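Here is model-v5.txt, consisting of compact mmCIF, C-alpha atoms:
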```
# COMPACT_ATOMS: atom_id res chain seq x y z
CA MET A 109 11.10 -9.03 -47.40
CA ASN A 110 10.61 -5.31 -47.68
CA ARG A 111 13.54 -3.06 -46.58
CA LYS A 112 11.18 -0.95 -44.47
CA THR A 113 10.10 -3.93 -42.36
CA PRO A 114 13.35 -4.37 -40.36
CA PHE A 115 13.50 -0.61 -39.78
CA SER A 116 9.87 -0.60 -38.60
CA ILE A 117 10.59 -3.43 -36.16
CA ILE A 118 13.66 -1.64 -34.82
CA LEU A 119 11.66 1.59 -34.45
CA VAL A 120 8.86 -0.17 -32.54
CA VAL A 121 11.34 -1.89 -30.21
CA PHE A 122 13.19 1.40 -29.66
CA LEU A 123 9.96 3.24 -28.83
CA MET A 124 8.95 0.50 -26.39
CA VAL A 125 12.29 0.74 -24.58
CA VAL A 126 12.18 4.55 -24.50
CA GLY A 127 8.56 4.44 -23.29
CA GLN A 128 9.49 2.10 -20.44
CA ALA A 129 12.42 4.31 -19.49
CA LEU A 130 10.21 7.41 -19.49
CA ALA A 131 7.61 5.63 -17.36
CA GLY A 132 10.36 4.75 -14.89
CA GLU A 133 11.46 8.38 -14.81
CA ASP A 134 7.85 9.47 -14.27
CA LEU A 135 7.54 7.05 -11.37
CA GLU A 136 10.74 8.45 -9.87
CA SER A 137 9.35 11.97 -10.25
CA ALA A 138 6.10 10.92 -8.61
CA GLN A 139 8.07 9.38 -5.73
CA LYS A 140 9.98 12.65 -5.32
CA TYR A 141 6.71 14.61 -5.19
CA PHE A 142 5.37 12.13 -2.63
CA ASP A 143 8.53 12.33 -0.51
CA ALA A 144 8.29 16.14 -0.57
CA GLY A 145 4.66 16.00 0.60
CA GLU A 146 3.40 17.29 -2.74
CA PHE A 147 0.67 14.68 -2.91
CA LYS A 148 -1.52 16.45 -5.49
CA LYS A 149 1.36 16.62 -7.97
CA ALA A 150 2.16 12.97 -7.30
CA VAL A 151 -1.48 11.99 -7.87
CA GLY A 152 -1.60 13.87 -11.18
CA LEU A 153 1.50 12.13 -12.48
CA LEU A 154 0.48 8.72 -11.12
CA LYS A 155 -2.96 8.88 -12.70
CA GLU A 156 -1.24 9.35 -16.05
CA ILE A 157 1.22 6.51 -15.37
CA THR A 158 -1.53 4.08 -14.33
CA ARG A 159 -3.60 5.05 -17.36
CA LYS A 160 -0.66 4.21 -19.64
CA GLU A 161 0.49 1.21 -17.60
CA PRO A 162 -2.53 -0.30 -15.82
CA SER A 163 -0.47 -3.28 -14.66
CA ASN A 164 2.15 -1.16 -12.83
CA THR A 165 1.67 -2.33 -9.23
CA GLU A 166 4.26 0.11 -7.87
CA ALA A 167 2.45 3.07 -9.44
CA TRP A 168 -0.91 1.96 -8.01
CA ILE A 169 0.58 1.63 -4.53
CA LEU A 170 2.23 5.04 -4.73
CA LEU A 171 -1.07 6.46 -5.96
CA GLY A 172 -2.78 4.90 -2.94
CA ASN A 173 -0.10 6.33 -0.67
CA SER A 174 -0.53 9.77 -2.23
CA TYR A 175 -4.30 9.66 -1.76
CA THR A 176 -3.67 8.56 1.82
CA GLY A 177 -1.50 11.65 2.26
CA LEU A 178 -4.39 13.75 0.96
CA GLN A 179 -6.76 11.89 3.31
CA LYS A 180 -8.83 10.75 0.32
CA ASN A 181 -9.36 7.34 1.84
CA LYS A 182 -11.89 5.97 -0.65
CA ASN A 183 -9.64 6.87 -3.59
CA ALA A 184 -6.68 5.31 -1.78
CA ILE A 185 -8.64 2.09 -1.24
CA LYS A 186 -9.49 1.94 -4.96
CA ALA A 187 -5.82 2.37 -5.88
CA TYR A 188 -4.69 -0.33 -3.45
CA GLU A 189 -7.40 -2.65 -4.76
CA GLN A 190 -6.05 -2.12 -8.28
CA ALA A 191 -2.58 -3.07 -7.04
CA LEU A 192 -4.00 -6.15 -5.32
CA GLY A 193 -5.78 -7.11 -8.54
CA ILE A 194 -2.31 -7.40 -10.08
CA ASP A 195 -0.53 -8.87 -7.05
CA SER A 196 -2.95 -10.21 -4.44
CA GLU A 197 -0.18 -10.79 -1.90
CA ASN A 198 1.44 -7.36 -2.00
CA GLU A 199 2.03 -6.44 1.65
CA ASN A 200 2.34 -2.71 0.94
CA ALA A 201 -1.01 -2.59 -0.82
CA LEU A 202 -2.66 -4.64 1.93
CA PHE A 203 -1.16 -2.42 4.62
CA GLY A 204 -2.37 0.74 2.87
CA LEU A 205 -5.78 -0.83 2.48
CA GLY A 206 -5.91 -1.60 6.20
CA ILE A 207 -4.86 1.92 7.20
CA ASN A 208 -7.51 3.52 5.02
CA TYR A 209 -10.25 1.16 6.14
CA SER A 210 -9.30 2.04 9.73
CA ARG A 211 -9.55 5.74 8.94
CA LEU A 212 -13.05 5.13 7.61
CA ARG A 213 -13.85 3.15 10.77
CA GLN A 214 -14.39 0.03 8.69
CA HIS A 215 -12.41 -2.01 11.17
CA SER A 216 -13.62 -5.44 10.04
CA ASN A 217 -12.18 -4.74 6.57
CA ALA A 218 -8.96 -3.46 8.14
CA ILE A 219 -8.73 -6.61 10.26
CA GLU A 220 -9.03 -8.79 7.15
CA ALA A 221 -6.24 -6.85 5.40
CA TYR A 222 -3.90 -7.19 8.39
CA LYS A 223 -4.70 -10.87 8.80
CA LYS A 224 -3.81 -11.46 5.15
CA ILE A 225 -0.46 -9.69 5.63
CA ILE A 226 0.29 -11.92 8.62
CA GLU A 227 -0.69 -14.97 6.60
CA ILE A 228 1.82 -13.91 3.93
CA ASN A 229 4.50 -12.76 6.36
CA PRO A 230 4.09 -14.02 9.95
CA LYS A 231 6.97 -11.81 11.11
CA ASN A 232 5.43 -8.49 10.05
CA ALA A 233 5.34 -6.69 13.40
CA GLU A 234 3.53 -3.62 12.04
CA ALA A 235 0.67 -5.81 10.85
CA TYR A 236 0.30 -7.37 14.31
CA PHE A 237 0.35 -3.91 15.84
CA GLU A 238 -2.34 -2.53 13.53
CA LEU A 239 -4.38 -5.72 13.91
CA GLY A 240 -4.23 -5.30 17.69
CA VAL A 241 -5.29 -1.64 17.39
CA SER A 242 -8.19 -2.65 15.14
CA TYR A 243 -9.30 -5.28 17.63
CA ASP A 244 -9.07 -2.70 20.39
CA ARG A 245 -11.23 -0.27 18.41
CA THR A 246 -13.88 -2.96 17.97
CA ASN A 247 -13.75 -3.83 21.69
CA HIS A 248 -12.31 -7.29 21.06
CA LEU A 249 -9.78 -6.95 23.86
CA THR A 250 -9.01 -10.66 24.08
CA TYR A 251 -7.91 -10.65 20.44
CA ALA A 252 -6.02 -7.39 20.93
CA PHE A 253 -4.06 -8.94 23.81
CA GLU A 254 -3.30 -11.98 21.65
CA GLN A 255 -1.66 -9.65 19.14
CA TYR A 256 0.23 -7.99 22.00
CA LYS A 257 1.64 -11.35 23.12
CA ILE A 258 2.79 -12.20 19.61
CA LEU A 259 4.18 -8.71 19.11
CA LYS A 260 6.30 -9.01 22.27
CA THR A 261 8.34 -11.68 20.48
CA LEU A 262 8.79 -9.53 17.36
CA ASP A 263 9.13 -5.91 18.47
CA GLU A 264 9.19 -4.85 22.14
CA ASP A 265 8.60 -1.15 21.37
CA LEU A 266 5.52 -1.79 19.25
CA ALA A 267 4.28 -4.27 21.83
CA ARG A 268 4.61 -1.63 24.55
CA LYS A 269 2.71 0.92 22.40
CA LEU A 270 -0.06 -1.59 21.74
CA TYR A 271 -0.27 -2.43 25.43
CA HIS A 272 -0.80 1.27 26.27
CA ILE A 273 -3.43 1.60 23.58
CA ILE A 274 -5.31 -1.41 24.89
CA LEU A 275 -5.16 -0.08 28.47
CA GLY A 276 -6.22 3.36 27.28
CA SER A 277 -3.18 5.09 28.76
```
Spell out the structure here as structure tokens.
Amino acid sequence: MNRKTPFSIILVVFLMVVGQALAGEDLESAQKYFDAGEFKKAVGLLKEITRKEPSNTEAWILLGNSYTGLQKNKNAIKAYEQALGIDSENENALFGLGINYSRLRQHSNAIEAYKKIIEINPKNAEAYFELGVSYDRTNHLTYAFEQYKILKTLDEDLARKLYHIILGS
């Protein structure tokens, strides 16, 4: 065996570890930009991260969240769909998808996203709330009230808010 071979292997392993650490630092930086409301900076960094690591679900979700902050709903939907392509049961990606579909008034798509969250996690009060709001916006008041009844057992405050939305007060 050639003497250079073990060194080459060590170098490759080292570069992989350093690359993963740098990607983690980049994701932390992107999160800091997002938290500070600097969505454009976060998007720029996250586009680079997702290009280098297309299977990074967390980066795709944060990219979707950043686009949501910029009110670029179609871009946000694409980012969340990428995350769901990696992890089809990711509640954060599904929730972001629902929010952005609602913003685009594509309520049937939002309803499907919220239903999937509830299927995954039947105790997700926010999903019941948003599902109820989506039903209200599509004039399916019977379904909206069903969500209200379920929500009363999970979160009284959200249930009260949904009730006022349904009643239009």
>> So the first atom is atom CA of A:Lys186 and the second is atom CA of A:Thr165; what is the distance between them in Å, to one decimal place?
In response: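 Going from atom CA of A:Lys186 over to atom CA of A:Thr165 covers 12.7 Å.
A straight line drawn from atom CA of A:Ala221 to atom CA of A:Ala167 is 19.9 Å long.
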>> Which residues are close to stretch 190-198 of chain A, i.e. within 10 Å by all atoms listed in the file, leaving aside same-chain residues fewer than 5 positions away? Reply as a list in words.
In response: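 Neighbouring residues, sequence-local ones excluded: Thr158, Pro162, Ser163, Asn164, Thr165, Glu166, Ala167, Trp168, Ile169, Leu170, Leu171, Gly172, Ala184, Ile185, Phe203, Leu205, Lys224, Ile225, Glu227, Ile228 and Asn229 of chain A.
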>> Between A:Asn232, A:Tyr243, A:Phe253, A:Asn181, which residue has the minimum interatomic distance to A:Asn200, considering all atoms listed in the file?
In response: A:Asn232
> So, counting only C-alpha atoms, which residue among A:Arg213, A:Tyr175, A:Gln139, A:Glu189 is closest to A:Thr246?
Replying inline: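 Of all the options, A:Arg213 lies closest to A:Thr246.
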>> Give me the residues near A:Asn247 as a ChimeraX atom specification, where near means some atom within 12 Å (using all atoms listed in the file) and where sequence neighbours in that chain fewer than 5 positions away do not count.
In response: /A:215-216,240-242,252-253,273-276
Write out the residues from the selection above, keeping C-alpha atoms, as a PDB file, in the frame of the given file.
```
ATOM      1  CA  HIS A 215     -12.410  -2.010  11.170  1.00  0.00           C
ATOM      2  CA  SER A 216     -13.620  -5.440  10.040  1.00  0.00           C
ATOM      3  CA  GLY A 240      -4.230  -5.300  17.690  1.00  0.00           C
ATOM      4  CA  VAL A 241      -5.290  -1.640  17.390  1.00  0.00           C
ATOM      5  CA  SER A 242      -8.190  -2.650  15.140  1.00  0.00           C
ATOM      6  CA  ALA A 252      -6.020  -7.390  20.930  1.00  0.00           C
ATOM      7  CA  PHE A 253      -4.060  -8.940  23.810  1.00  0.00           C
ATOM      8  CA  ILE A 273      -3.430   1.600  23.580  1.00  0.00           C
ATOM      9  CA  ILE A 274      -5.310  -1.410  24.890  1.00  0.00           C
ATOM     10  CA  LEU A 275      -5.160  -0.080  28.470  1.00  0.00           C
ATOM     11  CA  GLY A 276      -6.220   3.360  27.280  1.00  0.00           C
TER      12      GLY A 276
END
```
>> Here is a test: counting all atoms listed in the file, which residue of A:Gln214, A:Leu239, A:Leu154, A:Leu266 is nearest to A:Glu136?
In response: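 Smallest separation from A:Glu136 among the options: A:Leu154.
We find atom CA of A:Lys257 and atom CA of A:Ala201 to be spaced 25.6 Å apart.
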>> I'd like to know which of A:Leu178, A:Leu212, A:Ala267, A:Ala187 is closest to A:Lys149, using only C-alpha atoms.
In response: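 Using only C-alpha atoms, A:Lys149 sits closest to A:Leu178.
Minimum distance to A:Lys260 across A:Arg211, A:Tyr188, A:Phe237, A:Ala218 (counting all atoms listed in the file) occurs at A:Phe237.
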>> I need the residue nearest A:Ala138 from this list: A:Ser174, A:Glu161, A:Lys223, A:Ile207. Use all atoms listed in the file for the distance.
In response: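 Closest to A:Ala138, using all atoms listed in the file: A:Ser174.
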